[in-house]
Amino acid sequence: MRGAGAYDRRIVIERRQTGRDAMNDPVTTWTEIATVSAEWKRGSRSERQQIAEQRVQVPDTFVTRWTPVLATVAEPDRIRFDGRTYDITGVVELGRRERLEISAMAAGRLVAGGGG
C-alpha cells in the first residue's frame, strides 16, 4: 500500500463525447469524468535515451487509487496534467480494487489551464 505522499500530482481524466451541431455535422467534445491525485512516473533515463535513438515516444505512467468511476477509464479517454494532454494507451488494475496504473503518451501540445 502506498502512502498519501506518493499521490502528489493532480490529473484530470476526460472522456470523448460525440454529438451533432446545428448543421448535423459531427462534433467532438471532451467531458471531465474525474480529477484525482496520482503518482506520476516517467520512463527511466536509459529507457528514454534508448527510445529517443529509435525516435519513439516513452509512455508516462500515472498511478491512482481505484474508484468505481476510474475503473471505467479506457484507451479512448485522455489525461490533462501539467499543461499537457496525454492519450491513454493502457490501464491495469493493481491489487483487487486498490490502484490503477494508467499508461499515457503526451499528445505534444499544451492545453490551457495546466499546472498539475
# chains A, B, ... in the order shown; residues from 1 in each chain; ligands from 1
>>> residues_around(residues="stretch 61-67 of chain A", least_positions_apart="2", cutoff="10 Å", atoms="only C-alpha atoms", output="MDAnalysis selection string")
chainID A and resid 2 6:7 9:11 36:43 58:59 69:72 79 88:105
>>> write_last_selection(atoms="C-alpha atoms", output="compact mmCIF listing (two decimals), in the first residue's frame")
# COMPACT_ATOMS: atom_id res chain seq x y z
CA ARG A 2 1.31 3.44 -0.91
CA ALA A 6 3.08 9.16 -3.29
CA TYR A 7 -0.04 10.69 -4.86
CA ARG A 9 0.04 15.21 -8.58
CA ARG A 10 -3.46 16.24 -9.70
CA ILE A 11 -4.68 14.87 -13.01
CA VAL A 36 -7.79 12.79 -8.85
CA SER A 37 -4.48 12.60 -7.05
CA ALA A 38 -1.90 10.43 -8.77
CA GLU A 39 1.70 9.35 -8.72
CA TRP A 40 3.48 10.35 -11.94
CA LYS A 41 6.24 8.07 -13.23
CA ARG A 42 8.34 8.71 -16.29
CA GLY A 43 10.44 6.09 -18.07
CA VAL A 58 8.13 6.95 -23.95
CA PRO A 59 4.79 6.49 -22.18
CA VAL A 69 -15.51 5.85 -11.80
CA LEU A 70 -11.81 5.30 -12.57
CA ALA A 71 -12.48 1.62 -13.20
CA THR A 72 -14.28 2.74 -16.39
CA ILE A 79 -5.48 12.83 -19.18
CA ILE A 88 -4.31 6.86 -22.61
CA THR A 89 -2.67 3.75 -24.06
CA GLY A 90 -3.45 1.21 -21.34
CA VAL A 91 -4.99 0.68 -17.90
CA VAL A 92 -4.04 -2.08 -15.45
CA GLU A 93 -5.69 -2.77 -12.09
CA LEU A 94 -3.11 -3.28 -9.34
CA GLY A 95 -4.36 -5.45 -6.50
CA ARG A 96 -8.04 -6.08 -6.05
CA ARG A 97 -9.67 -2.67 -6.38
CA GLU A 98 -6.65 -0.99 -4.81
CA ARG A 99 -4.93 1.05 -7.53
CA LEU A 100 -4.91 1.68 -11.25
CA GLU A 101 -1.81 2.10 -13.39
CA ILE A 102 -2.61 4.25 -16.42
CA SER A 103 -0.09 4.41 -19.28
CA ALA A 104 -0.36 7.51 -21.45
CA MET A 105 1.53 9.25 -24.25
>>> residues_around(residues="A:Pro76", least_positions_apart="4", cutoff="8 Å", atoms="only C-alpha atoms", output="list of chain:residue names")
A:Arg15, A:Arg16, A:Asp87, A:Ile88
>>> atom_distance(atom1="atom CA of A:Glu75", atom2="atom CA of A:Ala22")
29.2 Å
>>> atom_distance(atom1="atom CA of A:Glu32", atom2="atom CA of A:Val73")
11.6 Å
